[in-house]
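input23.csv (CSV, C-alpha atoms) appears below.
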```csv
chain,number,residue,atom,x,y,z
E,11,MET,CA,0.0,0.0,0.0
E,12,SER,CA,1.5,3.3,-1.0
E,13,GLY,CA,0.3,6.7,-2.2
E,14,ARG,CA,-0.9,10.0,-0.8
E,15,PHE,CA,-4.4,11.2,-0.4
E,16,LEU,CA,-5.0,14.9,-0.4
E,17,ASP,CA,-7.7,16.4,1.9
E,18,THR,CA,-9.8,19.3,0.7
E,19,ASN,CA,-8.1,21.7,3.1
E,20,VAL,CA,-4.7,21.2,1.3
E,21,LEU,CA,-6.2,22.1,-2.1
E,22,VAL,CA,-8.0,25.2,-0.7
E,23,TYR,CA,-4.6,26.6,0.0
E,24,LEU,CA,-3.8,26.7,-3.7
E,25,ALA,CA,-5.7,30.0,-3.8
E,26,SER,CA,-4.5,31.3,-0.4
E,27,ALA,CA,-2.9,34.6,0.4
E,28,ASP,CA,-0.6,32.7,2.7
E,29,ARG,CA,2.3,32.3,0.3
E,30,ARG,CA,4.0,29.6,2.3
E,31,LYS,CA,0.9,27.4,2.5
E,32,ALA,CA,0.1,28.1,-1.1
E,33,ASP,CA,3.5,27.1,-2.3
E,34,ILE,CA,3.3,23.9,-0.2
E,35,ALA,CA,-0.1,23.1,-1.6
E,36,GLU,CA,1.1,23.7,-5.2
E,37,ARG,CA,4.1,21.5,-4.7
E,38,LEU,CA,2.0,18.7,-3.2
E,39,LEU,CA,-0.5,18.9,-6.1
E,40,ALA,CA,2.4,18.8,-8.6
E,41,GLU,CA,3.7,15.7,-7.0
E,42,GLY,CA,0.3,14.0,-7.5
E,43,GLY,CA,-1.7,11.7,-5.4
E,44,THR,CA,-5.4,10.8,-5.0
E,45,VAL,CA,-8.5,12.7,-4.1
E,46,SER,CA,-12.1,11.5,-3.8
E,47,VAL,CA,-15.2,12.9,-5.6
E,48,GLN,CA,-16.1,14.2,-2.1
E,49,VAL,CA,-12.9,16.3,-2.0
E,50,LEU,CA,-13.7,17.7,-5.5
E,51,ASN,CA,-17.3,18.5,-4.3
E,52,GLU,CA,-16.0,20.2,-1.2
E,53,LEU,CA,-13.5,22.2,-3.2
E,54,ALA,CA,-16.2,23.3,-5.6
E,55,ASN,CA,-18.3,24.5,-2.7
E,56,VAL,CA,-15.4,26.4,-1.1
E,57,ALA,CA,-14.5,27.9,-4.5
E,58,ARG,CA,-18.0,29.2,-5.0
E,59,ARG,CA,-18.9,30.3,-1.5
E,60,ARG,CA,-15.7,31.4,0.2
E,61,MET,CA,-13.5,32.3,-2.8
E,62,GLY,CA,-16.3,33.8,-4.8
E,63,LEU,CA,-15.3,32.1,-8.0
E,64,GLY,CA,-17.7,31.9,-10.9
E,65,TRP,CA,-18.8,28.7,-12.4
E,66,GLU,CA,-16.2,28.8,-15.2
E,67,GLU,CA,-13.4,29.6,-12.8
E,68,THR,CA,-14.5,26.8,-10.5
E,69,ALA,CA,-14.6,24.4,-13.4
E,70,GLU,CA,-11.1,25.4,-14.4
E,71,LEU,CA,-9.8,25.0,-10.8
E,72,LEU,CA,-11.3,21.5,-10.6
E,73,ALA,CA,-9.9,20.5,-14.0
E,74,ALA,CA,-6.5,21.7,-13.0
E,75,VAL,CA,-6.6,19.6,-9.8
E,76,ARG,CA,-7.9,16.5,-11.7
E,77,ALA,CA,-4.9,16.9,-14.1
E,78,PHE,CA,-2.5,16.0,-11.3
E,79,VAL,CA,-4.4,13.5,-9.2
E,80,ALA,CA,-6.3,10.2,-9.5
E,81,VAL,CA,-9.9,10.5,-8.4
E,82,GLU,CA,-11.4,7.8,-6.2
E,83,PRO,CA,-15.2,7.4,-6.9
E,84,LEU,CA,-17.7,7.3,-4.1
E,85,THR,CA,-19.1,3.9,-3.6
E,86,VAL,CA,-21.3,2.1,-1.1
E,87,GLU,CA,-18.2,0.3,0.0
E,88,THR,CA,-16.5,3.6,0.8
E,89,HIS,CA,-19.7,4.8,2.6
E,90,GLU,CA,-19.9,1.7,4.8
E,91,LEU,CA,-16.2,1.8,5.6
E,92,GLY,CA,-16.5,5.5,6.4
E,93,LEU,CA,-19.4,4.9,8.8
E,94,ALA,CA,-17.4,2.2,10.6
E,95,LEU,CA,-14.4,4.4,10.9
E,96,ALA,CA,-16.5,7.3,12.2
E,97,GLU,CA,-17.9,5.0,14.9
E,98,ARG,CA,-14.6,3.3,15.8
E,99,HIS,CA,-12.4,6.4,15.9
E,100,GLY,CA,-15.0,9.1,16.8
E,101,LEU,CA,-14.3,10.9,13.5
E,102,PRO,CA,-16.8,13.3,12.0
E,103,VAL,CA,-18.7,11.5,9.2
E,104,TYR,CA,-17.3,13.6,6.4
E,105,ASP,CA,-13.7,13.2,7.7
E,106,ALA,CA,-14.3,9.5,8.0
E,107,MET,CA,-15.5,9.3,4.4
E,108,ILE,CA,-12.2,11.0,3.3
E,109,VAL,CA,-10.2,8.5,5.3
E,110,ALA,CA,-12.2,5.6,3.9
E,111,ALA,CA,-11.7,6.8,0.3
E,112,GLY,CA,-8.0,7.0,1.0
E,113,LEU,CA,-7.9,3.5,2.4
E,114,VAL,CA,-10.0,2.1,-0.5
E,115,ALA,CA,-7.6,3.8,-2.9
E,116,GLY,CA,-4.7,2.1,-1.3
E,117,CYS,CA,-3.0,5.2,0.1
E,118,ASP,CA,-0.7,5.0,3.1
E,119,THR,CA,-0.6,8.8,3.8
E,120,LEU,CA,-3.5,11.3,4.2
E,121,LEU,CA,-2.3,14.9,3.8
E,122,SER,CA,-4.6,17.0,6.0
E,123,GLU,CA,-4.4,20.0,8.2
E,124,ASP,CA,-7.7,19.2,9.9
E,125,MET,CA,-7.0,15.8,11.4
E,126,GLN,CA,-4.6,14.8,14.1
E,127,HIS,CA,-1.0,14.8,12.8
E,128,GLY,CA,0.5,11.3,13.2
E,129,PHE,CA,-2.9,9.6,13.7
E,130,VAL,CA,-2.8,6.1,12.1
E,131,VAL,CA,-6.0,4.6,10.8
E,132,ALA,CA,-6.5,0.9,10.5
E,133,ARG,CA,-2.8,0.3,10.8
E,134,GLN,CA,-2.6,1.3,7.2
E,135,MET,CA,-2.7,5.1,6.7
E,136,ARG,CA,-1.0,7.9,8.6
E,137,VAL,CA,-2.3,11.5,8.8
E,138,VAL,CA,0.4,14.0,8.0
E,139,ASN,CA,-0.1,17.8,8.3
E,140,PRO,CA,2.0,19.1,5.4
E,141,PHE,CA,1.9,22.6,6.9
E,142,ALA,CA,3.3,21.7,10.3
E,143,ALA,CA,6.4,23.7,11.1
```
Please render this file's structure as structure tokens.
Amino acid sequence: MSGRFLDTNVLVYLASADRRKADIAERLLAEGGTVSVQVLNELANVARRRMGLGWEETAELLAAVRAFVAVEPLTVETHELGLALAERHGLPVYDAMIVAAGLVAGCDTLLSEDMQHGFVVARQMRVVNPFAA
């Protein structure tokens, strides 16, 4: 099992005024990895509501992200695993779905600023905060 799964919060920094975080996010995206359809949906929501991007700009952002990453589809298997992870680890449901998608995709690292740095899920995937100093 190897590979990196990028959480939505990492991708949001692509458009950040914080140059350090924006540069890190850009480098991570350029290195590739995996995201889920959920991550793309969340990014679209943030682009529209918080960043104020129009539909065309949002589509361009999503296309740019998809050019560098594999996209893990949402399936019933992912949904069921996510619910089990939420229950077992006390994770919020949407975070658990991201973890589940990463596990289903065979990733061993989840790049996320929102989850506990160093947390290991199912003895298979470690959460890494790429912005930690």
- Sphere at (-11.3, 15.3, -12.0), radius 12 Å, counting all atoms listed in the file: residues as number ranges by chain: E: 44-51, 53-54, 69-83
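With distances taken over all atoms listed in the file, E:Ala25 is the one residue among E:Ala25, E:Leu121, E:Ala40, E:Ala142 lying closest to Glu67 (chain E).
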- Query: Quick one: residues within 12 Å of region 31-35 of chain E, only C-alpha atoms counted, chain neighbours fewer than 6 positions away excluded, as a ChimeraX atom specification?
  - Reply: /E:16-25,41-42,75,121-123,139-143
- Note on the structure: From CA of Gly100 (chain E) to CA of Leu39 (chain E) the spacing works out at 28.8 Å
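In this model, the gap between CA of Tyr104 (chain E) and CA of Arg29 (chain E) comes to 27.8 Å.
Going from CA of Leu91 (chain E) to CA of Ile108 (chain E) covers 10.3 Å.
Ranking E:Ala106, E:Ala27, E:Val130, E:Met135 by their shortest atom-to-atom distance to Asp118 (chain E), with all atoms listed in the file included, puts E:Met135 first.
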- Query: Which one of E:Thr88, E:Gln134, E:Gln126, E:Thr68 sits closest to Ala111 (chain E) if you count only C-alpha atoms?
  - Reply: E:Thr88
- Item | Test item: which residues lie within 6 Å of (-1.0, 13.0, 9.1) counting only C-alpha atoms, as an MDAnalysis selection string | chainID E and resid 120:121 127:128 136:139
Can you write region 15-54 of chain E from the block above with N, CA and C atoms, as an mmCIF file, in the first residue's frame?
```
data_model
loop_
_atom_site.group_PDB
_atom_site.id
_atom_site.type_symbol
_atom_site.label_atom_id
_atom_site.label_comp_id
_atom_site.auth_asym_id
_atom_site.auth_seq_id
_atom_site.Cartn_x
_atom_site.Cartn_y
_atom_site.Cartn_z
ATOM 1 N N PHE E 15 -3.089 10.667 -0.224
ATOM 2 C CA PHE E 15 -4.439 11.165 -0.426
ATOM 3 C C PHE E 15 -4.465 12.601 0.067
ATOM 4 N N LEU E 16 -4.979 13.518 -0.745
ATOM 5 C CA LEU E 16 -5.019 14.929 -0.386
ATOM 6 C C LEU E 16 -6.411 15.318 0.110
ATOM 7 N N ASP E 17 -6.462 15.879 1.307
ATOM 8 C CA ASP E 17 -7.710 16.365 1.873
ATOM 9 C C ASP E 17 -8.051 17.713 1.231
ATOM 10 N N THR E 18 -9.301 18.077 1.299
ATOM 11 C CA THR E 18 -9.780 19.322 0.703
ATOM 12 C C THR E 18 -9.008 20.530 1.204
ATOM 13 N N ASN E 19 -8.728 20.565 2.501
ATOM 14 C CA ASN E 19 -8.076 21.745 3.062
ATOM 15 C C ASN E 19 -6.711 22.012 2.447
ATOM 16 N N VAL E 20 -6.022 20.981 2.001
ATOM 17 C CA VAL E 20 -4.735 21.166 1.333
ATOM 18 C C VAL E 20 -4.945 21.886 0.001
ATOM 19 N N LEU E 21 -5.946 21.467 -0.739
ATOM 20 C CA LEU E 21 -6.205 22.058 -2.055
ATOM 21 C C LEU E 21 -6.734 23.485 -1.958
ATOM 22 N N VAL E 22 -7.457 23.793 -0.906
ATOM 23 C CA VAL E 22 -7.976 25.153 -0.733
ATOM 24 C C VAL E 22 -6.829 26.159 -0.652
ATOM 25 N N TYR E 23 -5.709 25.735 -0.107
ATOM 26 C CA TYR E 23 -4.559 26.639 0.012
ATOM 27 C C TYR E 23 -3.926 26.984 -1.334
ATOM 28 N N LEU E 24 -4.317 26.326 -2.401
ATOM 29 C CA LEU E 24 -3.812 26.705 -3.724
ATOM 30 C C LEU E 24 -4.125 28.166 -4.022
ATOM 31 N N ALA E 25 -5.224 28.663 -3.502
ATOM 32 C CA ALA E 25 -5.651 30.042 -3.750
ATOM 33 C C ALA E 25 -5.468 30.933 -2.524
ATOM 34 N N SER E 26 -4.622 30.523 -1.608
ATOM 35 C CA SER E 26 -4.451 31.253 -0.358
ATOM 36 C C SER E 26 -3.535 32.461 -0.512
ATOM 37 N N ALA E 27 -3.798 33.475 0.290
ATOM 38 C CA ALA E 27 -2.913 34.636 0.370
ATOM 39 C C ALA E 27 -1.668 34.299 1.200
ATOM 40 N N ASP E 28 -1.722 33.202 1.936
ATOM 41 C CA ASP E 28 -0.567 32.730 2.716
ATOM 42 C C ASP E 28 0.383 32.041 1.743
ATOM 43 N N ARG E 29 1.397 32.765 1.311
ATOM 44 C CA ARG E 29 2.301 32.258 0.257
ATOM 45 C C ARG E 29 2.979 30.949 0.656
ATOM 46 N N ARG E 30 3.371 30.814 1.919
ATOM 47 C CA ARG E 30 4.046 29.584 2.347
ATOM 48 C C ARG E 30 3.123 28.385 2.152
ATOM 49 N N LYS E 31 1.888 28.504 2.617
ATOM 50 C CA LYS E 31 0.947 27.392 2.481
ATOM 51 C C LYS E 31 0.550 27.185 1.019
ATOM 52 N N ALA E 32 0.401 28.271 0.278
ATOM 53 C CA ALA E 32 0.056 28.146 -1.144
ATOM 54 C C ALA E 32 1.165 27.426 -1.906
ATOM 55 N N ASP E 33 2.407 27.753 -1.607
ATOM 56 C CA ASP E 33 3.541 27.094 -2.268
ATOM 57 C C ASP E 33 3.597 25.609 -1.922
ATOM 58 N N ILE E 34 3.350 25.283 -0.659
ATOM 59 C CA ILE E 34 3.342 23.880 -0.238
ATOM 60 C C ILE E 34 2.223 23.129 -0.951
ATOM 61 N N ALA E 35 1.031 23.720 -0.983
ATOM 62 C CA ALA E 35 -0.107 23.074 -1.648
ATOM 63 C C ALA E 35 0.182 22.859 -3.136
ATOM 64 N N GLU E 36 0.782 23.842 -3.776
ATOM 65 C CA GLU E 36 1.110 23.718 -5.198
ATOM 66 C C GLU E 36 2.118 22.598 -5.436
ATOM 67 N N ARG E 37 3.135 22.533 -4.577
ATOM 68 C CA ARG E 37 4.138 21.469 -4.703
ATOM 69 C C ARG E 37 3.512 20.095 -4.506
ATOM 70 N N LEU E 38 2.679 19.974 -3.489
ATOM 71 C CA LEU E 38 2.029 18.689 -3.216
ATOM 72 C C LEU E 38 1.146 18.259 -4.383
ATOM 73 N N LEU E 39 0.388 19.189 -4.944
ATOM 74 C CA LEU E 39 -0.457 18.859 -6.085
ATOM 75 C C LEU E 39 0.397 18.435 -7.273
ATOM 76 N N ALA E 40 1.479 19.150 -7.517
ATOM 77 C CA ALA E 40 2.356 18.817 -8.649
ATOM 78 C C ALA E 40 2.969 17.424 -8.499
ATOM 79 N N GLU E 41 3.165 16.990 -7.255
ATOM 80 C CA GLU E 41 3.723 15.657 -6.996
ATOM 81 C C GLU E 41 2.683 14.558 -7.169
ATOM 82 N N GLY E 42 1.409 14.939 -7.292
ATOM 83 C CA GLY E 42 0.348 13.973 -7.538
ATOM 84 C C GLY E 42 -0.176 13.324 -6.278
ATOM 85 N N GLY E 43 -1.100 12.433 -6.473
ATOM 86 C CA GLY E 43 -1.743 11.743 -5.365
ATOM 87 C C GLY E 43 -3.144 11.337 -5.767
ATOM 88 N N THR E 44 -3.987 11.232 -4.771
ATOM 89 C CA THR E 44 -5.370 10.811 -4.990
ATOM 90 C C THR E 44 -6.292 11.729 -4.198
ATOM 91 N N VAL E 45 -7.446 11.990 -4.768
ATOM 92 C CA VAL E 45 -8.539 12.679 -4.069
ATOM 93 C C VAL E 45 -9.790 11.865 -4.336
ATOM 94 N N SER E 46 -10.843 12.167 -3.587
ATOM 95 C CA SER E 46 -12.123 11.512 -3.849
ATOM 96 C C SER E 46 -13.066 12.506 -4.507
ATOM 97 N N VAL E 47 -14.155 12.000 -5.021
ATOM 98 C CA VAL E 47 -15.195 12.865 -5.564
ATOM 99 C C VAL E 47 -15.681 13.814 -4.468
ATOM 100 N N GLN E 48 -15.738 13.330 -3.234
ATOM 101 C CA GLN E 48 -16.135 14.193 -2.118
ATOM 102 C C GLN E 48 -15.201 15.389 -2.006
ATOM 103 N N VAL E 49 -13.903 15.169 -2.113
ATOM 104 C CA VAL E 49 -12.931 16.267 -2.031
ATOM 105 C C VAL E 49 -13.190 17.276 -3.150
ATOM 106 N N LEU E 50 -13.437 16.784 -4.357
ATOM 107 C CA LEU E 50 -13.735 17.691 -5.461
ATOM 108 C C LEU E 50 -15.013 18.483 -5.193
ATOM 109 N N ASN E 51 -16.031 17.823 -4.642
ATOM 110 C CA ASN E 51 -17.281 18.508 -4.313
ATOM 111 C C ASN E 51 -17.057 19.582 -3.253
ATOM 112 N N GLU E 52 -16.297 19.256 -2.224
ATOM 113 C CA GLU E 52 -16.018 20.223 -1.168
ATOM 114 C C GLU E 52 -15.219 21.407 -1.716
ATOM 115 N N LEU E 53 -14.252 21.124 -2.587
ATOM 116 C CA LEU E 53 -13.453 22.186 -3.192
ATOM 117 C C LEU E 53 -14.335 23.098 -4.048
ATOM 118 N N ALA E 54 -15.247 22.520 -4.790
ATOM 119 C CA ALA E 54 -16.167 23.322 -5.604
ATOM 120 C C ALA E 54 -17.010 24.224 -4.700
#
```
